[in-house]
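Let me begin by presenting the structure, written as structure tokens, before commenting on it.
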Amino acid sequence: MQQDQAQRITVGTGEAAREIAVLREDGAPGRCGILWLSGFKSDMAGTKAEEIAAFARTTGRAVTRLDYSGHGLSGGDFEDGTISRWAEEAVAVFEAFCREPTIVVGSSMGGWIALLLARALLERANRENALRARTDLAARLAGMMLIAPAPDFTEELMWKHEFTDEIRDTILREGRFERPSEYDDSPYVITRALIEDGRDNLLLGGPIETGCPVTILQGQRDDAVPWRHALRLVDCLALDDVVLTLIKDGDHRLSRPADIARLIAAIDRQAEALEAEAG
């Protein structure tokens, strides 16, 4: 991926302003689009993102990808990142680029961001209190595909279960902890701001509404996001049409050829159904 292929938008104002890199490929009229949302410390050039973009290209569907601030081609410092900031960036990109009915595909943390995107759009429509706004929203956020979704991971998976008392004390005292990564040579830096901001965005304590059909793919050998976490999410999505597929030998990445094929087929089924319904 060449840096000059990316478009850029500014999100935030003043000291919070950051430049976000976006890759957008238009599709054919009447076809759904796809918005890719990466996981924590992942970017839009990963295996799943590239495969989805190739699929969209061959089927005439638009595809939009972004790098969160502090990731990939985007500006900003990773350690300044929070769930609120990254969700704000996803909303800004959705509104600026996703003009057609769009299936939002979120991987790991991207699943949390996708759910926060849906909440932000619904809240905006409710504030406008107009039937037309609700209709426009339903037409644009058409479906959701979540891969090993990790809503509330900063609290439920890290703070409560993974982190020892020593790690929690380090974060509270020093404001940061360098967590080794099995996927990267450099450690993940977990900041106190990330943990505290995550608490302002928790979703699993009550009903979650997306306003669209949701498909979830979850590996049962996922050592980062346990498969029972996906079951909790399904319980919260009581207002939506949800399909959960558990992959017995699947890990967290779900990037094997068979996993990619299953993912692409699921996106295609959801897109074909939405396009057929639209006529």
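Following the order of the structure tokens, first chain is A, next is B, and so on, with residues numbered from 1 inside each chain and ligands from 1 in the order they appear.
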
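The list of residues with at least one atom within 12 Å of Arg256 in chain A, based on only C-alpha atoms and without residues fewer than 4 positions apart in the same chain, reads A:Thr47, A:Lys48, A:Glu51, A:Gly219, A:Ile247, A:Asp249, A:Gly250, A:Asp251, A:His252, A:Ile260, A:Ala261, A:Arg262, A:Leu263.
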
Inset, instruction - Report as a count of residues only: the residues of range 126-204 of chain A with a DSSP assignment of alpha helix (DSSP H), based on the backbone of this structure. - result: 32

Legend entry - Asn201 in chain A environment, 10 Å, only C-alpha atoms, sequence neighbours closer than 6 positions dropped, as JSON, numbers by chain: {"A": [83, 84, 87, 112, 113, 116, 151, 152]}

Inset, instruction - Write out as a ChimeraX atom specification the residues lying within 12 Å of Leu237 in chain A, counting only C-alpha atoms and excluding same-chain residues fewer than 4 positions away. - result: /A:115,144,203-216,230-233,241-244

Selection from above, C-alpha atoms, as a PDB file, in the first residue's frame, can you write it?
```
ATOM      1  CA  LEU A 115     -20.974  -1.140  18.106  1.00  0.00           C
ATOM      2  CA  MET A 144     -22.560  -5.688  10.741  1.00  0.00           C
ATOM      3  CA  LEU A 203     -21.597  -1.938  26.523  1.00  0.00           C
ATOM      4  CA  LEU A 204     -22.088  -5.403  27.998  1.00  0.00           C
ATOM      5  CA  GLY A 205     -24.078  -4.302  31.037  1.00  0.00           C
ATOM      6  CA  GLY A 206     -27.335  -3.827  29.147  1.00  0.00           C
ATOM      7  CA  PRO A 207     -29.111  -4.047  25.792  1.00  0.00           C
ATOM      8  CA  ILE A 208     -27.180  -3.043  22.679  1.00  0.00           C
ATOM      9  CA  GLU A 209     -29.049  -1.824  19.605  1.00  0.00           C
ATOM     10  CA  THR A 210     -27.428  -1.644  16.175  1.00  0.00           C
ATOM     11  CA  GLY A 211     -30.558  -1.377  14.025  1.00  0.00           C
ATOM     12  CA  CYS A 212     -29.173  -3.921  11.551  1.00  0.00           C
ATOM     13  CA  PRO A 213     -28.491  -7.655  11.156  1.00  0.00           C
ATOM     14  CA  VAL A 214     -25.312  -8.825  12.908  1.00  0.00           C
ATOM     15  CA  THR A 215     -23.101 -11.803  12.073  1.00  0.00           C
ATOM     16  CA  ILE A 216     -20.372 -12.898  14.504  1.00  0.00           C
ATOM     17  CA  ALA A 230     -19.161 -13.531  22.231  1.00  0.00           C
ATOM     18  CA  LEU A 231     -22.056 -15.276  24.000  1.00  0.00           C
ATOM     19  CA  ARG A 232     -22.352 -12.328  26.391  1.00  0.00           C
ATOM     20  CA  LEU A 233     -22.512  -9.998  23.412  1.00  0.00           C
ATOM     21  CA  ASP A 241     -31.124 -10.352  14.160  1.00  0.00           C
ATOM     22  CA  VAL A 242     -27.877 -12.123  15.191  1.00  0.00           C
ATOM     23  CA  VAL A 243     -26.059 -15.134  13.741  1.00  0.00           C
ATOM     24  CA  LEU A 244     -23.118 -16.512  15.768  1.00  0.00           C
TER      25      LEU A 244
END
```

Inset, instruction - Tell me which protein, DNA and RNA residues are within 9 Å of Ala49 in chain A, counting only C-alpha atoms, leaving out same-chain ones fewer than 3 positions away, and put them as number ranges by chain. - result: A: 36-38, 43-46, 52-54, 65

Writing out the chosen residues with all heavy atoms as an mmCIF file, in the first residue's frame:
```cif
data_model
loop_
_atom_site.group_PDB
_atom_site.id
_atom_site.type_symbol
_atom_site.label_atom_id
_atom_site.label_comp_id
_atom_site.auth_asym_id
_atom_site.auth_seq_id
_atom_site.Cartn_x
_atom_site.Cartn_y
_atom_site.Cartn_z
ATOM 1 N N TRP A 36 -14.223 -1.316 6.845
ATOM 2 C CA TRP A 36 -13.366 -2.178 7.644
ATOM 3 C C TRP A 36 -12.852 -1.430 8.859
ATOM 4 O O TRP A 36 -12.314 -0.323 8.751
ATOM 5 C CB TRP A 36 -12.180 -2.679 6.823
ATOM 6 C CG TRP A 36 -11.120 -3.329 7.663
ATOM 7 C CD1 TRP A 36 -9.942 -2.770 8.082
ATOM 8 C CD2 TRP A 36 -11.163 -4.640 8.229
ATOM 9 N NE1 TRP A 36 -9.248 -3.665 8.872
ATOM 10 C CE2 TRP A 36 -9.970 -4.818 8.976
ATOM 11 C CE3 TRP A 36 -12.089 -5.694 8.168
ATOM 12 C CZ2 TRP A 36 -9.684 -6.001 9.664
ATOM 13 C CZ3 TRP A 36 -11.798 -6.868 8.855
ATOM 14 C CH2 TRP A 36 -10.608 -7.011 9.579
ATOM 15 N N LEU A 37 -13.014 -2.028 10.057
ATOM 16 C CA LEU A 37 -12.508 -1.463 11.303
ATOM 17 C C LEU A 37 -11.535 -2.459 11.929
ATOM 18 O O LEU A 37 -11.922 -3.563 12.325
ATOM 19 C CB LEU A 37 -13.665 -1.173 12.266
ATOM 20 C CG LEU A 37 -14.688 -0.138 11.788
ATOM 21 C CD1 LEU A 37 -15.836 -0.026 12.790
ATOM 22 C CD2 LEU A 37 -14.033 1.217 11.568
ATOM 23 N N SER A 38 -10.273 -2.062 12.035
ATOM 24 C CA SER A 38 -9.209 -2.949 12.508
ATOM 25 C C SER A 38 -9.249 -3.128 14.015
ATOM 26 O O SER A 38 -9.957 -2.420 14.742
ATOM 27 C CB SER A 38 -7.842 -2.379 12.120
ATOM 28 O OG SER A 38 -7.743 -2.196 10.733
ATOM 29 N N ASP A 43 -3.639 -2.399 11.530
ATOM 30 C CA ASP A 43 -3.904 -1.342 10.555
ATOM 31 C C ASP A 43 -4.673 -1.893 9.362
ATOM 32 O O ASP A 43 -4.992 -3.080 9.293
ATOM 33 C CB ASP A 43 -2.611 -0.653 10.120
ATOM 34 C CG ASP A 43 -1.605 -1.599 9.487
ATOM 35 O OD1 ASP A 43 -2.027 -2.472 8.697
ATOM 36 O OD2 ASP A 43 -0.405 -1.480 9.766
ATOM 37 N N MET A 44 -4.959 -1.004 8.404
ATOM 38 C CA MET A 44 -5.833 -1.360 7.286
ATOM 39 C C MET A 44 -5.114 -2.135 6.190
ATOM 40 O O MET A 44 -5.703 -2.423 5.150
ATOM 41 C CB MET A 44 -6.468 -0.098 6.700
ATOM 42 C CG MET A 44 -5.503 0.949 6.190
ATOM 43 S SD MET A 44 -6.419 2.385 5.581
ATOM 44 C CE MET A 44 -5.109 3.584 5.375
ATOM 45 N N ALA A 45 -3.842 -2.492 6.417
ATOM 46 C CA ALA A 45 -3.098 -3.283 5.440
ATOM 47 C C ALA A 45 -2.952 -4.740 5.873
ATOM 48 O O ALA A 45 -2.192 -5.492 5.268
ATOM 49 C CB ALA A 45 -1.717 -2.680 5.212
ATOM 50 N N GLY A 46 -3.689 -5.148 6.905
ATOM 51 C CA GLY A 46 -3.607 -6.517 7.381
ATOM 52 C C GLY A 46 -4.235 -7.510 6.410
ATOM 53 O O GLY A 46 -4.924 -7.137 5.455
ATOM 54 N N ILE A 52 -10.652 -8.651 2.122
ATOM 55 C CA ILE A 52 -11.985 -8.059 1.993
ATOM 56 C C ILE A 52 -12.003 -7.009 0.900
ATOM 57 O O ILE A 52 -12.953 -6.915 0.109
ATOM 58 C CB ILE A 52 -12.435 -7.474 3.342
ATOM 59 C CG1 ILE A 52 -12.751 -8.612 4.316
ATOM 60 C CG2 ILE A 52 -13.646 -6.564 3.172
ATOM 61 C CD1 ILE A 52 -12.984 -8.159 5.736
ATOM 62 N N ALA A 53 -10.947 -6.208 0.812
ATOM 63 C CA ALA A 53 -10.871 -5.196 -0.250
ATOM 64 C C ALA A 53 -10.844 -5.848 -1.624
ATOM 65 O O ALA A 53 -11.493 -5.381 -2.563
ATOM 66 C CB ALA A 53 -9.637 -4.321 -0.042
ATOM 67 N N ALA A 54 -10.101 -6.950 -1.755
ATOM 68 C CA ALA A 54 -10.039 -7.665 -3.032
ATOM 69 C C ALA A 54 -11.400 -8.243 -3.389
ATOM 70 O O ALA A 54 -11.838 -8.187 -4.547
ATOM 71 C CB ALA A 54 -8.991 -8.770 -2.956
ATOM 72 N N ARG A 65 -11.582 1.838 4.218
ATOM 73 C CA ARG A 65 -10.729 1.422 5.331
ATOM 74 C C ARG A 65 -10.093 2.656 5.951
ATOM 75 O O ARG A 65 -9.888 3.655 5.271
ATOM 76 C CB ARG A 65 -9.612 0.489 4.838
ATOM 77 C CG ARG A 65 -10.088 -0.827 4.295
ATOM 78 C CD ARG A 65 -8.918 -1.677 3.818
ATOM 79 N NE ARG A 65 -8.552 -1.446 2.431
ATOM 80 C CZ ARG A 65 -7.452 -1.915 1.854
ATOM 81 N NH1 ARG A 65 -6.571 -2.605 2.569
ATOM 82 N NH2 ARG A 65 -7.200 -1.677 0.579
#
```

Inset, instruction - Compile the contact shell of Glu15 in chain A as a ChimeraX atom specification: residues with an atom at most 12 Å away, counting only C-alpha atoms, same-chain residues fewer than 5 positions apart removed. - result: /A:10,76,80

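Using only C-alpha atoms, the smallest distance between any of A:Glu166, A:Ala92, A:Gly81, A:Leu66 and Leu194 in chain A comes from A:Gly81.
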
Inset, instruction - Go through A:Ile20, A:Phe153, A:Glu100, A:Ser255 one by one, measure the shortest atom-to-atom distance of each to Asp77 in chain A using only C-alpha atoms, and give the residue with the smallest value. - result: A:Ile20

Selection: 8 Å around Gly175 in chain A, only C-alpha atoms, excl. self and same-chain fewer than 5 positions, as an mmCIF file with N, CA, C and O atoms, in the first residue's frame:
```cif
data_model
loop_
_atom_site.group_PDB
_atom_site.id
_atom_site.type_symbol
_atom_site.label_atom_id
_atom_site.label_comp_id
_atom_site.auth_asym_id
_atom_site.auth_seq_id
_atom_site.Cartn_x
_atom_site.Cartn_y
_atom_site.Cartn_z
ATOM 1 N N THR A 170 1.080 -0.472 38.648
ATOM 2 C CA THR A 170 1.983 0.243 37.735
ATOM 3 C C THR A 170 1.203 1.227 36.870
ATOM 4 O O THR A 170 1.625 2.386 36.679
ATOM 5 N N THR A 191 -2.269 2.440 28.583
ATOM 6 C CA THR A 191 -2.227 3.643 29.401
ATOM 7 C C THR A 191 -3.395 3.687 30.387
ATOM 8 O O THR A 191 -4.436 3.056 30.175
ATOM 9 N N ARG A 192 -3.197 4.450 31.416
ATOM 10 C CA ARG A 192 -4.289 4.678 32.372
ATOM 11 C C ARG A 192 -5.465 5.359 31.680
ATOM 12 O O ARG A 192 -6.638 5.043 31.968
ATOM 13 N N ALA A 193 -5.162 6.271 30.753
ATOM 14 C CA ALA A 193 -6.233 6.961 30.022
ATOM 15 C C ALA A 193 -7.070 5.970 29.213
ATOM 16 O O ALA A 193 -8.295 6.098 29.136
#
```

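Using only C-alpha atoms, the shortest contact distance between Leu141 in chain A and any of A:Val104, A:Leu274, A:Ala224, A:Cys236 is found at A:Val104.
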
Inset, instruction - Measuring atom to atom with only C-alpha atoms, identify which of A:Val225, A:Gly111, A:Tyr68, A:Arg31 is nearest to Ala278 in chain A. - result: A:Arg31

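Proximity to Phe40 in chain A was assessed for A:Ala28, A:Pro149, A:Ala120, A:Pro101 counting only C-alpha atoms; the smallest distance is recorded for A:Pro149.
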
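Minimum distance to Asp222 in chain A across A:Ala148, A:Pro180, A:Thr164, A:Gly72 (counting only C-alpha atoms) occurs at A:Ala148.
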
Inset, instruction - as a PyMOL selection string, please: all residues of range 148-267 of chain A that backbone DSSP puts in strand (DSSP E). - result: chain A and resi 176-179+188-191+214-219+242-247
